[in-house]
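Enquirer: For reference, this is start.txt, and it has compact mmCIF, C-alpha atoms.
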# COMPACT_ATOMS: atom_id res chain seq x y z
CA MET Y 834 36.53 7.45 0.56
CA ASN Y 835 38.25 8.72 3.67
CA GLU Y 836 37.81 12.13 5.26
CA THR Y 837 40.93 13.69 3.71
CA THR Y 838 39.94 12.62 0.22
CA ALA Y 839 36.39 13.86 0.77
CA HIS Y 840 37.65 17.29 1.81
CA ALA Y 841 39.91 17.38 -1.22
CA HIS Y 842 37.00 16.65 -3.56
CA ILE Y 843 34.79 19.25 -1.92
CA GLN Y 844 37.54 21.88 -2.02
CA SER Y 845 38.22 21.19 -5.70
CA GLY Y 846 34.62 22.04 -6.56
CA GLN Y 847 33.31 18.50 -6.90
CA GLN Y 848 30.33 17.51 -4.81
CA LEU Y 849 29.91 14.14 -3.21
CA GLN Y 850 26.76 12.32 -4.24
CA THR Y 851 25.31 9.86 -1.80
CA GLY Y 852 22.16 7.84 -2.27
CA GLN Y 853 20.09 7.39 -5.38
CA GLN Y 854 18.66 10.01 -7.68
CA HIS Y 855 15.35 9.19 -9.34
CA PRO Y 856 14.05 11.12 -12.33
CA ILE Y 857 11.32 13.66 -11.58
CA ARG Y 858 9.42 12.19 -14.54
CA LEU Y 859 8.79 9.01 -12.51
CA TYR Y 860 7.27 10.97 -9.63
CA LEU Y 861 5.10 13.04 -11.96
CA PHE Y 862 3.90 9.90 -13.75
CA VAL Y 863 2.97 8.23 -10.45
CA TRP Y 864 1.26 11.42 -9.27
CA GLY Y 865 -0.81 11.45 -12.47
CA LEU Y 866 -1.63 7.77 -12.04
CA LEU Y 867 -2.78 8.44 -8.48
CA PHE Y 868 -5.00 11.22 -9.80
CA VAL Y 869 -6.54 8.88 -12.40
CA LEU Y 870 -7.12 6.11 -9.82
CA SER Y 871 -8.77 8.64 -7.50
CA ALA Y 872 -11.01 9.77 -10.35
CA PHE Y 873 -12.00 6.14 -10.97
CA SER Y 874 -12.75 5.74 -7.27
CA TYR Y 875 -15.03 8.79 -7.33
CA MET Y 876 -16.68 7.49 -10.51
CA VAL Y 877 -17.79 4.40 -8.60
CA ASP Y 878 -19.91 6.68 -6.39
CA TYR Y 879 -20.96 8.95 -9.24
CA LEU Y 880 -22.24 6.01 -11.31
CA GLY Y 881 -24.17 4.70 -8.32
CA LEU Y 882 -22.69 1.22 -8.28
CA GLN Y 883 -23.93 -0.88 -5.35
CA GLY Y 884 -23.18 -4.12 -3.57
CA TYR Y 885 -20.08 -6.23 -3.92
CA LEU Y 886 -19.05 -4.56 -7.19
CA ARG Y 887 -18.89 -1.15 -5.48
CA TRP Y 888 -16.79 -2.37 -2.56
CA THR Y 889 -14.54 -4.50 -4.74
CA LEU Y 890 -13.74 -1.55 -7.00
CA ILE Y 891 -13.22 0.85 -4.09
CA LEU Y 892 -10.86 -1.58 -2.34
CA LEU Y 893 -9.04 -2.35 -5.59
CA PHE Y 894 -8.39 1.33 -6.31
CA MET Y 895 -7.43 1.95 -2.68
CA MET Y 896 -4.89 -0.88 -2.68
CA ALA Y 897 -3.44 0.24 -6.02
CA LYS Y 898 -2.98 3.79 -4.74
CA ALA Y 899 -1.45 2.60 -1.46
CA GLY Y 900 0.91 0.29 -3.34
CA LEU Y 901 2.09 3.10 -5.62
CA ILE Y 902 2.65 5.44 -2.70
CA VAL Y 903 4.61 2.85 -0.72
CA ALA Y 904 6.62 1.65 -3.72
CA VAL Y 905 7.61 5.00 -5.23
CA PHE Y 906 7.17 7.84 -2.75
CA MET Y 907 8.36 5.79 0.23
CA HIS Y 908 11.14 4.24 -1.92
CA MET Y 909 10.15 0.66 -1.10
CA ALA Y 910 10.75 -0.42 -4.71
CA TRP Y 911 14.48 0.23 -4.27
CA GLU Y 912 14.90 -1.52 -0.91
CA ARG Y 913 16.33 -4.96 -0.30
CA LEU Y 914 13.82 -7.78 -0.56
CA ALA Y 915 14.34 -8.81 3.09
CA LEU Y 916 13.30 -5.33 4.25
CA VAL Y 917 10.28 -5.36 1.96
CA TYR Y 918 9.18 -8.69 3.44
CA ALA Y 919 9.79 -7.42 6.98
CA ILE Y 920 7.54 -4.42 6.38
CA LEU Y 921 4.80 -5.88 4.19
CA LEU Y 922 4.42 -9.41 5.54
CA PRO Y 923 3.06 -8.59 9.06
CA PRO Y 924 0.10 -6.48 7.79
CA LEU Y 925 -0.65 -9.18 5.23
CA LEU Y 926 -0.74 -11.80 7.98
CA VAL Y 927 -3.02 -9.56 10.06
CA LEU Y 928 -5.43 -9.45 7.11
CA VAL Y 929 -5.34 -13.25 6.90
CA PHE Y 930 -6.12 -13.51 10.62
CA VAL Y 931 -8.98 -11.02 10.26
CA ALA Y 932 -10.43 -13.14 7.44
CA LEU Y 933 -10.18 -16.21 9.66
CA MET Y 934 -11.97 -14.36 12.48
CA VAL Y 935 -14.75 -13.28 10.14
CA SER Y 936 -15.33 -16.87 9.04
CA GLU Y 937 -15.21 -18.02 12.66
CA ALA Y 938 -17.74 -15.33 13.62
CA ASP Y 939 -20.15 -16.57 10.95
CA TYR Y 940 -19.81 -20.13 12.26
CA THR Y 941 -20.29 -18.97 15.87
CA ILE Y 942 -23.45 -16.98 15.14
CA PHE Y 943 -24.83 -19.89 13.11
CA THR Y 944 -24.28 -22.40 15.93
CA ARG Y 945 -25.68 -20.02 18.58
CA LEU Y 946 -28.82 -19.40 16.54
CA ALA Y 947 -29.21 -23.14 15.93
CA PHE Y 948 -28.75 -23.99 19.62
CA PHE Y 949 -30.46 -21.09 21.40
CA GLY Y 950 -32.96 -20.12 18.71
CA THR Y 951 -33.87 -16.62 17.61
CA GLY Y 952 -35.39 -15.55 20.93
CA PRO Y 953 -38.85 -15.33 22.52
Translate this structure into structure tokens?

Expert:
Amino acid sequence: MNETTAHAHIQSGQQLQTGQQHPIRLYLFVWGLLFVLSAFSYMVDYLGLQGYLRWTLILLFMMAKAGLIVAVFMHMAWERLALVYAILLPPLLVLVFVALMVSEADYTIFTRLAFFGTGP
């Protein structure tokens, strides 16, 4: 649509719509889901869960909430797949490298304790 046609549409009372319009119902549903996931996260503490179960549930709820926020409120669900990969792949690779470093740290401390001993 060129500039002359755009002015003609605006002058005739028609508005130009650019971009996408998402129903408010979707945002309210996601907001409610975020509220429920937060309540579950607080219930983990309230119930006094400990150990790996506690941290697994907390991280699971945290990742679910972050995914909903990024997908809906930051409009990532409607982006091209190449852009989604460009944004999400680097942090995922950083997490993989952190996991590799953790396993390497365990190996390093094991070999140092085996070689040097526990101390005097």

Enquirer: Choose the residue, out of Y:Ile920, Y:Val927, Y:Leu901, Y:Ile942, that has the smallest atom-to-atom separation from Tyr860 of chain Y; count all atoms listed in the file.

Expert: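 That would be Y:Leu901, the residue with the smallest distance to Tyr860 of chain Y.
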
Enquirer: Atom CA of Gln854 of chain Y and atom CA of Ile902 of chain Y are how many Å apart?

Expert: 17.4 Å

Enquirer: Counting only C-alpha atoms, which residue out of Y:Ala938, Y:Leu933, Y:Val905, Y:Ala919 sits closest to Trp864 of chain Y?

Expert: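 Closest to Trp864 of chain Y of all the choices is Y:Val905.
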
Enquirer: So which one's closest to Phe868 of chain Y, Y:Leu880, Y:Met895, Y:Val917, Y:Leu890? Using all atoms listed in the file, please.

Expert: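 Smallest distance to Phe868 of chain Y is found for Y:Met895.
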
Enquirer: Could you work out how far atom CA of Gly900 of chain Y lies from atom CA of Arg913 of chain Y, giving the answer in Å with one decimal?

Expert: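 Straight-line distance from atom CA of Arg913 of chain Y to atom CA of Gly900 of chain Y works out to 16.6 Å.
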
Enquirer: Go ahead and compute the interatomic distance for atom CA of Ala872 of chain Y and atom CA of Trp911 of chain Y, in Å to one decimal.

Expert: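 Atom-to-atom, atom CA of Ala872 of chain Y and atom CA of Trp911 of chain Y are spaced 27.9 Å apart.
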
Enquirer: Quick one: axis-aligned box around all listed atoms of segment 860-863 of chain Y, 3 Å on every side, centre and edge lengths in Å to one decimal, written as JSON.

Expert:
{"center_x": 5.1, "center_y": 10.6, "center_z": -11.7, "size_x": 10.3, "size_y": 10.8, "size_z": 10.1}

Enquirer: With only C-alpha atoms as the atoms that count, which of Y:Phe948, Y:Phe943, Y:Tyr918, Y:Phe894 lies nearest to Met876 of chain Y?

Expert: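 Of Y:Phe948, Y:Phe943, Y:Tyr918, Y:Phe894, the one nearest Met876 of chain Y is Y:Phe894, counting only C-alpha atoms.
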